[in-house]
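Input: a single structure, listed below in structure tokens.
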Amino acid sequence: MAQAPVVIVETSGAVGIARLNRPDARNALSPELFAELGEAIQSYDRDDAIGCIVIAGSDEWFAAGADIKSMRDRAWQDALAQPSSEFWPKLAGCRTPLIAAVSGYALGGGCELALGCDMIVASETAEFGQPEIMLGIIPGGGGTQRLTRVIGKQRAMELVLTGRRITAQEAYDWGLVNRLAAKRKWLEDAVELAEVVARRAPIAVKLGKQAVLAADETPLGAGLAHERRLFELALATEDRVEGMSAFIEKRKPQFRGR
């Protein structure tokens, strides 16, 4: 009998949805899941019909973190050959906006997966944390870096060094989460947000994502110069003419990604 996929992919209009599907393992990030999720993200990113991607888990678990059973007996040098080492650059390199739809626990690698997305919609039941310190290790998928940039050094230091979890409300108050959703509406709300993004001019959306990400990675002067170059690229598109014409004519724009 064929084994069920560990990532279920589907589309809703111009939104690609990738759902983690390891219910018996609390959606732990196994090598197989990393490989399938990476393929799904790249496939959506190559598809011009997809304007936004949602990564989701289940009601109880977004992702419990790494598969500890598979990690325990791994030699340190084996980490270089693991699918996870290839996955995180794929996630960071995705040009299409990514939204994490989080319900239940997003811990360790699960928290890093959510942080690697461009926005987070969280159920009121969600909990976030980087508990790697309790296993004698530290985050290795961007947790220390992205947490610090989003919530600041003091708070990030506390979460990384104590392993403490925070509630969805705390995460929202700290700026980690974009939107809080009712217990049964977290995926619906995430898809609705993704649909809004997908309706915007495709090239401008990708350029906007690139510009915002540059703010984390460059000094202000270099970031401003990079933003200006991307703005000039947007000016050269047919969608810019259509968007401005639609505004003047008081109608909805028909963007074509050109």
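So you can find residues: chains in the structure tokens are A, B, ... in the order shown, residues in each start at 1, and ligands are numbered from 1 in order.
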
Show which residues sit within 12 Å of range 241-251 of chain A, as a ChimeraX atom specification. Count only C-alpha atoms, and ignore same-chain residues fewer than 6 positions away. /A:199-202,204,234-235,257-258

Please extract the residues of range 3-221 of chain A with a backbone DSSP assignment of strand (DSSP E or B) and present them as a ChimeraX atom specification. /A:7-12,15-20,29,52-56,61-63,66,98-102,105-107,119-123,127-129,165-167,179-181

Give me, as a list of chain:residue names, all polymer residues having an atom no more than 10 Å from Ala49 in chain A, counting only C-alpha atoms and skipping those fewer than 5 positions away in the same chain.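 In the requested format, the answer is A:Gly13, A:Ala14, A:Val15, A:Gly16, A:Tyr44, A:Ala198, A:Pro202, A:Gly257.
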
Selected residues written out with C-alpha atoms, as a compact mmCIF listing (two decimals), in the first residue's frame:
```txt
# COMPACT_ATOMS: atom_id res chain seq x y z
CA GLY A 13 -7.47 29.97 -6.82
CA ALA A 14 -4.09 31.71 -6.97
CA VAL A 15 -3.05 30.43 -3.52
CA GLY A 16 -0.87 27.36 -3.07
CA TYR A 44 4.65 26.82 -6.40
CA ALA A 198 -2.37 37.12 -4.79
CA PRO A 202 2.66 39.85 -9.27
CA GLY A 257 2.39 39.92 -14.36
```

Residues of range 114-145 of chain A within 9 Å of range 176-194 of chain A: nearest atom pair and distance (Å, one decimal) for each, counting only C-alpha atoms, sorted by chain and number, as CSV?
```
residue,atom,partner,partner_atom,distance
A:Leu115,CA,A:Leu176,CA,8.0
A:Met119,CA,A:Asn178,CA,6.2
A:Ile120,CA,A:Val177,CA,5.1
A:Val121,CA,A:Arg179,CA,4.9
A:Ala122,CA,A:Leu180,CA,5.1
A:Ser123,CA,A:Ala181,CA,4.7
A:Glu124,CA,A:Lys183,CA,5.8
A:Thr125,CA,A:Lys183,CA,6.4
```

If you keep all heavy atoms, can you produce a file of those selected residues as a compact mmCIF listing (two decimals), in the first residue's frame?
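Just written: selection_26.txt:
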```txt
# COMPACT_ATOMS: atom_id res chain seq x y z
N LEU A 115 8.84 31.40 11.28
CA LEU A 115 9.65 32.61 11.18
C LEU A 115 10.21 32.81 9.79
O LEU A 115 10.42 33.94 9.34
CB LEU A 115 10.81 32.55 12.18
CG LEU A 115 10.50 32.81 13.64
CD1 LEU A 115 11.67 32.38 14.52
CD2 LEU A 115 10.19 34.29 13.87
N MET A 119 4.79 36.19 6.62
CA MET A 119 3.75 36.61 7.57
C MET A 119 3.27 35.38 8.33
O MET A 119 3.42 34.25 7.84
CB MET A 119 2.58 37.29 6.84
CG MET A 119 2.92 38.64 6.25
SD MET A 119 1.55 39.37 5.29
CE MET A 119 1.80 38.59 3.69
N ILE A 120 2.69 35.61 9.49
CA ILE A 120 2.17 34.52 10.31
C ILE A 120 0.75 34.85 10.74
O ILE A 120 0.50 35.92 11.32
CB ILE A 120 3.03 34.27 11.56
CG1 ILE A 120 4.47 33.91 11.18
CG2 ILE A 120 2.43 33.15 12.42
CD1 ILE A 120 5.41 33.79 12.38
N VAL A 121 -0.17 33.93 10.45
CA VAL A 121 -1.53 34.00 10.99
C VAL A 121 -1.63 32.88 12.01
O VAL A 121 -1.36 31.72 11.70
CB VAL A 121 -2.59 33.82 9.90
CG1 VAL A 121 -3.99 33.75 10.51
CG2 VAL A 121 -2.52 34.96 8.89
N ALA A 122 -1.98 33.20 13.24
CA ALA A 122 -1.96 32.21 14.32
C ALA A 122 -3.32 32.05 14.97
O ALA A 122 -4.02 33.04 15.23
CB ALA A 122 -0.93 32.60 15.39
N SER A 123 -3.69 30.81 15.24
CA SER A 123 -4.87 30.53 16.04
C SER A 123 -4.63 31.01 17.47
O SER A 123 -3.49 31.08 17.94
CB SER A 123 -5.14 29.02 16.04
OG SER A 123 -6.02 28.67 17.08
N GLU A 124 -5.69 31.33 18.14
CA GLU A 124 -5.57 31.73 19.56
C GLU A 124 -4.99 30.60 20.41
O GLU A 124 -4.54 30.84 21.53
CB GLU A 124 -6.94 32.14 20.10
CG GLU A 124 -7.98 31.04 20.02
CD GLU A 124 -9.39 31.51 20.30
OE1 GLU A 124 -9.63 32.73 20.28
OE2 GLU A 124 -10.26 30.64 20.55
N THR A 125 -4.97 29.38 19.89
CA THR A 125 -4.40 28.24 20.62
C THR A 125 -2.90 28.06 20.39
O THR A 125 -2.29 27.20 21.02
CB THR A 125 -5.08 26.93 20.17
OG1 THR A 125 -4.69 26.63 18.81
CG2 THR A 125 -6.59 27.03 20.25
```

If we count only C-alpha atoms, what is near Arg46 in chain A at a cut-off of 12 Å, once residues fewer than 4 positions away on the same chain are taken out, given as JSON, numbers by chain? {"A": [16, 39, 40, 41, 42, 50, 51, 52, 53, 93, 94, 95, 96]}

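Reported to one decimal place, the separation of CA of Leu147 in chain A from CA of Asn27 in chain A is 21.5 Å.
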
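Interatomic distance, CA of Gln154 in chain A against CA of Gly108 in chain A: 18.6 Å.
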
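Here the question is which of A:Ile99, A:Ala92, A:Glu36, A:Leu29 gets nearest to Glu195 in chain A using only C-alpha atoms, and that residue is A:Ile99.
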
Among the residues A:Val102, A:Glu10, A:Glu217, A:Trp174, the one that comes closest to Gln145 in chain A [using only C-alpha atoms]: A:Glu217

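Residues in contact with range 156-164 of chain A at up to 8 Å, not including ones fewer than 4 positions away on its chain and judged by only C-alpha atoms, are Gly129, Gln130, Pro131, Glu132, Ile133, Met134, Ile138, Pro139, Thr144, Leu147, Thr148, Ile151 and Gly152 of chain A.
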
Writing out the chosen residues with C-alpha atoms as a PDB file, in the first residue's frame:
```pdb
ATOM      1  CA  GLY A 129       9.142  28.383  21.306  1.00  0.00           C
ATOM      2  CA  GLN A 130      12.754  27.396  20.709  1.00  0.00           C
ATOM      3  CA  PRO A 131      13.282  24.592  23.250  1.00  0.00           C
ATOM      4  CA  GLU A 132      16.511  23.251  21.685  1.00  0.00           C
ATOM      5  CA  ILE A 133      18.523  24.315  24.749  1.00  0.00           C
ATOM      6  CA  MET A 134      16.754  21.564  26.717  1.00  0.00           C
ATOM      7  CA  ILE A 138      20.688  25.496  19.843  1.00  0.00           C
ATOM      8  CA  PRO A 139      18.399  26.443  16.942  1.00  0.00           C
ATOM      9  CA  THR A 144      18.390  32.838  16.761  1.00  0.00           C
ATOM     10  CA  LEU A 147      13.777  35.909  16.394  1.00  0.00           C
ATOM     11  CA  THR A 148      16.289  38.624  17.258  1.00  0.00           C
ATOM     12  CA  ILE A 151      11.290  40.615  18.686  1.00  0.00           C
ATOM     13  CA  GLY A 152      14.636  42.105  19.732  1.00  0.00           C
TER      14      GLY A 152
END
```

Quick check for you: according to DSSP on this backbone, which residues of range 30-232 of chain A are classed as alpha helix (DSSP H)? Reply as a VMD selection string. chain A and resid 31 to 46 68 to 72 83 to 92 109 to 116 143 to 151 153 to 162 168 to 173 186 to 199 202 to 217 220 to 232

Would you write out those residues with C-alpha atoms, as a CSV table (one decimal), in the first residue's frame?
```
chain,number,residue,atom,x,y,z
A,31,PRO,CA,14.1,14.4,6.3
A,32,GLU,CA,11.2,13.2,4.1
A,33,LEU,CA,9.1,16.2,5.2
A,34,PHE,CA,11.9,18.6,4.5
A,35,ALA,CA,12.4,17.1,1.0
A,36,GLU,CA,8.7,17.2,0.1
A,37,LEU,CA,8.0,20.6,1.5
A,38,GLY,CA,11.0,22.0,-0.3
A,39,GLU,CA,9.8,20.5,-3.6
A,40,ALA,CA,6.3,21.9,-3.0
A,41,ILE,CA,7.6,25.4,-2.3
A,42,GLN,CA,9.8,25.4,-5.4
A,43,SER,CA,7.0,24.1,-7.5
A,44,TYR,CA,4.6,26.8,-6.4
A,45,ASP,CA,7.4,29.4,-6.8
A,46,ARG,CA,7.9,28.4,-10.5
A,68,ILE,CA,14.6,13.9,17.6
A,69,LYS,CA,14.7,10.1,17.1
A,70,SER,CA,16.4,10.5,13.8
A,71,MET,CA,18.8,13.1,15.2
A,72,ARG,CA,19.9,11.4,18.4
A,83,PRO,CA,17.8,17.6,3.7
A,84,SER,CA,17.3,20.3,6.3
A,85,SER,CA,20.6,21.9,5.3
A,86,GLU,CA,19.2,22.2,1.8
A,87,PHE,CA,15.7,23.2,2.8
A,88,TRP,CA,16.3,26.4,4.7
A,89,PRO,CA,18.0,28.1,1.7
A,90,LYS,CA,15.1,27.0,-0.5
A,91,LEU,CA,12.6,28.6,2.0
A,92,ALA,CA,14.7,31.8,2.1
A,109,GLY,CA,12.2,23.8,13.8
A,110,GLY,CA,8.4,24.5,13.6
A,111,CYS,CA,8.9,27.9,15.1
A,112,GLU,CA,11.8,28.5,12.7
A,113,LEU,CA,9.6,27.4,9.8
A,114,ALA,CA,7.0,29.9,10.8
A,115,LEU,CA,9.7,32.6,11.2
A,116,GLY,CA,11.0,31.8,7.7
A,143,GLY,CA,15.8,30.8,15.0
A,144,THR,CA,18.4,32.8,16.8
A,145,GLN,CA,18.7,35.2,13.8
A,146,ARG,CA,15.1,35.8,12.8
A,147,LEU,CA,13.8,35.9,16.4
A,148,THR,CA,16.3,38.6,17.3
A,149,ARG,CA,15.4,40.7,14.2
A,150,VAL,CA,11.6,40.4,14.9
A,151,ILE,CA,11.3,40.6,18.7
A,153,LYS,CA,17.8,40.8,21.5
A,154,GLN,CA,16.5,40.7,25.0
A,155,ARG,CA,13.4,38.7,24.3
A,156,ALA,CA,15.1,36.4,21.8
A,157,MET,CA,17.9,35.7,24.3
A,158,GLU,CA,15.3,34.7,27.0
A,159,LEU,CA,13.5,32.3,24.6
A,160,VAL,CA,16.7,30.7,23.3
A,161,LEU,CA,18.5,30.3,26.6
A,162,THR,CA,15.5,29.1,28.7
A,168,ALA,CA,-0.3,33.4,20.5
A,169,GLN,CA,-1.3,36.6,22.3
A,170,GLU,CA,2.3,37.2,23.5
A,171,ALA,CA,3.6,36.5,20.0
A,172,TYR,CA,1.1,39.0,18.6
A,173,ASP,CA,2.0,41.6,21.2
A,186,TRP,CA,-6.9,30.0,11.5
A,187,LEU,CA,-6.5,28.4,8.1
A,188,GLU,CA,-9.4,30.3,6.6
A,189,ASP,CA,-8.0,33.6,7.7
A,190,ALA,CA,-4.5,32.7,6.4
A,191,VAL,CA,-5.9,31.8,3.0
A,192,GLU,CA,-8.0,35.0,3.0
A,193,LEU,CA,-4.8,37.1,3.6
A,194,ALA,CA,-3.0,35.1,0.9
A,195,GLU,CA,-5.8,35.8,-1.6
A,196,VAL,CA,-5.4,39.5,-1.0
A,197,VAL,CA,-1.7,39.3,-1.7
A,198,ALA,CA,-2.4,37.1,-4.8
A,199,ARG,CA,-4.7,39.8,-6.3
A,202,PRO,CA,2.7,39.8,-9.3
A,203,ILE,CA,5.9,41.5,-10.2
A,204,ALA,CA,5.4,44.3,-7.7
A,205,VAL,CA,4.6,41.8,-5.0
A,206,LYS,CA,7.9,40.0,-5.6
A,207,LEU,CA,9.8,43.2,-5.7
A,208,GLY,CA,8.1,44.4,-2.5
A,209,LYS,CA,9.1,41.2,-0.7
A,210,GLN,CA,12.7,41.5,-1.8
A,211,ALA,CA,12.8,45.2,-0.7
A,212,VAL,CA,11.5,44.4,2.8
A,213,LEU,CA,13.8,41.5,3.3
A,214,ALA,CA,16.7,43.7,2.3
A,215,ALA,CA,15.9,45.9,5.4
A,216,ASP,CA,17.0,43.0,7.6
A,217,GLU,CA,20.2,42.4,5.7
A,220,LEU,CA,20.0,51.8,5.7
A,221,GLY,CA,21.8,53.6,2.9
A,222,ALA,CA,22.3,50.4,0.9
A,223,GLY,CA,18.7,49.3,1.6
A,224,LEU,CA,17.4,52.6,0.3
A,225,ALA,CA,19.5,52.4,-2.8
A,226,HIS,CA,18.3,48.8,-3.4
A,227,GLU,CA,14.6,49.8,-2.8
A,228,ARG,CA,15.0,52.6,-5.4
A,229,ARG,CA,16.4,50.2,-8.0
A,230,LEU,CA,13.4,47.8,-7.4
A,231,PHE,CA,11.0,50.8,-7.6
A,232,GLU,CA,12.4,51.7,-11.0
```

Measure the distance from CA of Ile55 in chain A to CA of Arg165 in chain A in Å and round it to one decimal.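 Answer for the CA of Ile55 in chain A to CA of Arg165 in chain A separation: 21.0 Å.
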